[in-house]
Amino acid sequence: MNKRLSGVLAALALSATTIALPAPAGAGAAAAEWTPRWSPNPANDSVAEAFEGVEDDRADSHPGTTHIYVSGDAYRFDMHTQDRDGDDRQRNEVKGMRTGSGDAYLKILENETWRISYQMYIPATLDSTTSFTHIAQMKTPGSGAPLYTMSLPVSGGTPKINVRYWDEAEQTHEVGNADLDPIQGKWVDTTFEFKAADDGYLRWILRDGSTTLVDRRLDDTDLWRGDDEYLRPKWGIYRSIESSGLQDTYLLVRNLRAEQLTGDGGSEAPSSIEAEQGSLSGTARTTSCSGCSGGTKVGWLGSGSGNAVTLNVPSSAAGDRQLTVHGLVSGTRSFQLSVNGGTAQTVSLTGTSWNDPVARTVQVRLNAGANSVRLYNDGASAPDLDRITLQ
């Protein structure tokens, strides 16, 4: 079987996993769904066949060496200390998502909502630096600033992995971060979900196995540059040489997948409801939170069912939905979550900080129209609540 036929069959198989979301109200409305658009397979797709473009030692600083290639079931990016892409930086990256020969590649256009997910392996030699080290970006064609970056900075003396959004003035805003050391030397899962619009949003998820390390969403992001044709992601290593201790290193990525939200409502962001927008009872009250969406959370929940927060959750149609609770805790605590006064289910969260949200997703059944979601704990202290999101 040739590579192209194999790729077509893989795409057909992938399309069977399309995730349907409830249809908007109205007769004949098409269901909004995540439609698979791209999923390269290193067994069949070379680097040149998987990506729109390749930036492998453009300055020819390391002649005779290939830095970007297929390695087993992954795409590998090597970086040596001698490699250069200009006087003060190094770059070995790929860009864009190729779907066929010639100019057949995906373009992320204005007001489209996309989800890009993959696994990555960061070895111990790819460490955080005091100047920039990017391992993923979203950019437009040309030389402008990125729209978002995944980077490996040193923050307060601690190696971190973070995602930042860049506005049109090239000011950066942190979406989320996690300690780097615990995820080096293992495969971890990451997802970028975003709306490419002047009033878009950016959500970053980082998981280590079944543990969610980061699930943060930044709203009111300008993720469109009006004079540009399209957006495209980049992967690889792009770093400054202005840091001590740089080593020969590499990055691995695999199971790359891009999905577009299509159908009626396909350009709309999944809903996010802040805890402070809810109705508070008992001891529950709002307080500031540097790591929370909107800078605010609701605390002093639990130790009695009256100490609760109740959120109004609209739904365009009746049916099962995925509801993610974003809470804060040092240790392990649980919410009881009741929808429309029904039997509560337990949502346990384990975290390390009262300023760094962790997330847990559960399935709930909603009615069409308004729904009441109540979070509390009858017998023990509950986590603090940042927000909930609904998929």
# chains A, B, ... in the order shown; residues from 1 in each chain; ligands from 1

call {"tool": "closest_atom_pairs", "arguments": {"of": "region 215-267 of chain A", "to": "region 127-136 of chain A", "cutoff": "6 Å", "atoms": "only C-alpha atoms", "output": "JSON lines"}}
result
{"residue": "A:Lys234", "atom": "CA", "partner": "A:Ala136", "partner_atom": "CA", "distance": 5.5}
{"residue": "A:Trp235", "atom": "CA", "partner": "A:Ala136", "partner_atom": "CA", "distance": 4.5}
{"residue": "A:Gly236", "atom": "CA", "partner": "A:Ile135", "partner_atom": "CA", "distance": 5.2}
{"residue": "A:Ile237", "atom": "CA", "partner": "A:Ile135", "partner_atom": "CA", "distance": 4.9}
{"residue": "A:Tyr238", "atom": "CA", "partner": "A:His134", "partner_atom": "CA", "distance": 5.2}
{"residue": "A:Arg239", "atom": "CA", "partner": "A:Thr133", "partner_atom": "CA", "distance": 4.1}
{"residue": "A:Ser240", "atom": "CA", "partner": "A:Phe132", "partner_atom": "CA", "distance": 5.6}
{"residue": "A:Ser243", "atom": "CA", "partner": "A:Thr130", "partner_atom": "CA", "distance": 5.7}

call {"tool": "residues_around", "arguments": {"residues": "region 339-355 of chain A", "least_positions_apart": "2", "cutoff": "9 Å", "atoms": "only C-alpha atoms", "output": "PyMOL selection string"}}
result
chain A and resi 211+213+289-292+325-337+357-362+364-367+371-375+377+383-384

call {"tool": "atom_distance", "arguments": {"atom1": "CA of Gln277 (chain A)", "atom2": "CA of Val313 (chain A)"}}
result
10.7 Å

call {"tool": "select_by_dssp", "arguments": {"residues": "region 127-165 of chain A", "states": "strand (DSSP E or B)", "output": "ChimeraX atom specification"}}
result
/A:129,133-139,148-151,153-155,158-165

call {"tool": "closest_residue", "arguments": {"among": "A:Asn44, A:Ser293, A:Asn92, A:Asn307", "to": "Glu174 (chain A)", "atoms": "only C-alpha atoms"}}
result
A:Ser293

call {"tool": "residues_around", "arguments": {"residues": "region 57-65 of chain A", "least_positions_apart": "4", "cutoff": "7 Å", "atoms": "only C-alpha atoms", "output": "PyMOL selection string"}}
result
chain A and resi 83-85+91-92

call {"tool": "closest_residue", "arguments": {"among": "A:Gly100, A:Thr140, A:Asp181, A:Ala317", "to": "Thr158 (chain A)", "atoms": "only C-alpha atoms"}}
result
A:Asp181

call {"tool": "select_by_dssp", "arguments": {"residues": "region 22-167 of chain A", "states": "helix (DSSP H, G or I)", "output": "list in words"}}
result
Val47, Ala48, Glu49 and Ala50 of chain A

call {"tool": "write_last_selection", "arguments": {"atoms": "all heavy atoms", "output": "compact mmCIF listing (two decimals), in the first residue's frame"}}
result
# COMPACT_ATOMS: atom_id res chain seq x y z
N VAL A 47 8.86 14.00 7.43
CA VAL A 47 8.77 15.38 7.91
C VAL A 47 8.22 16.28 6.81
O VAL A 47 7.32 17.11 7.04
CB VAL A 47 10.14 15.87 8.40
CG1 VAL A 47 10.11 17.36 8.70
CG2 VAL A 47 10.58 15.09 9.64
N ALA A 48 8.72 16.13 5.61
CA ALA A 48 8.28 16.99 4.50
C ALA A 48 6.82 16.73 4.12
O ALA A 48 6.14 17.62 3.62
CB ALA A 48 9.17 16.77 3.28
N GLU A 49 6.33 15.50 4.34
CA GLU A 49 4.95 15.17 4.02
C GLU A 49 3.98 15.57 5.12
O GLU A 49 2.78 15.74 4.87
CB GLU A 49 4.82 13.67 3.76
CG GLU A 49 5.50 13.22 2.48
CD GLU A 49 5.55 11.70 2.37
OE1 GLU A 49 5.87 11.03 3.38
OE2 GLU A 49 5.27 11.19 1.27
N ALA A 50 4.46 15.73 6.35
CA ALA A 50 3.59 16.03 7.49
C ALA A 50 3.41 17.52 7.72
O ALA A 50 2.35 17.95 8.21
CB ALA A 50 4.14 15.39 8.76

call {"tool": "atom_distance", "arguments": {"atom1": "CA of Ser46 (chain A)", "atom2": "CA of Arg89 (chain A)"}}
result
26.4 Å

call {"tool": "atom_distance", "arguments": {"atom1": "CA of Thr310 (chain A)", "atom2": "CA of Ser271 (chain A)"}}
result
16.2 Å

call {"tool": "residues_around", "arguments": {"residues": "Gln247 (chain A)", "least_positions_apart": "4", "cutoff": "10 Å", "atoms": "only C-alpha atoms", "output": "VMD selection string"}}
result
chain A and resid 79 to 82 124 to 127

call {"tool": "write_last_selection", "arguments": {"atoms": "N, CA, C and O atoms", "output": "compact mmCIF listing (two decimals), in the first residue's frame"}}
result
# COMPACT_ATOMS: atom_id res chain seq x y z
N MET A 79 19.06 19.60 18.67
CA MET A 79 19.71 20.91 18.76
C MET A 79 21.09 20.71 19.39
O MET A 79 21.21 20.10 20.47
N HIS A 80 22.11 21.20 18.69
CA HIS A 80 23.48 21.14 19.18
C HIS A 80 23.94 22.54 19.57
O HIS A 80 23.46 23.53 19.02
N THR A 81 24.89 22.61 20.47
CA THR A 81 25.32 23.93 20.94
C THR A 81 25.94 24.77 19.82
O THR A 81 25.94 25.99 19.90
N GLN A 82 26.43 24.13 18.77
CA GLN A 82 27.03 24.88 17.68
C GLN A 82 26.01 25.40 16.67
O GLN A 82 26.33 26.24 15.83
N ALA A 124 15.99 15.45 29.99
CA ALA A 124 16.63 16.25 31.04
C ALA A 124 17.59 17.28 30.46
O ALA A 124 17.86 18.31 31.09
N THR A 125 18.11 17.01 29.25
CA THR A 125 19.06 17.95 28.64
C THR A 125 18.38 19.17 28.04
O THR A 125 19.05 20.16 27.74
N LEU A 126 17.06 19.11 27.85
CA LEU A 126 16.31 20.28 27.35
C LEU A 126 15.72 20.98 28.56
O LEU A 126 14.60 20.71 28.99
N ASP A 127 16.49 21.88 29.12
CA ASP A 127 16.13 22.48 30.40
C ASP A 127 15.66 23.91 30.20
O ASP A 127 15.82 24.52 29.15

call {"tool": "closest_residue", "arguments": {"among": "A:Glu55, A:Ala43, A:Lys186, A:Gln363", "to": "Arg321 (chain A)", "atoms": "only C-alpha atoms"}}
result
A:Gln363
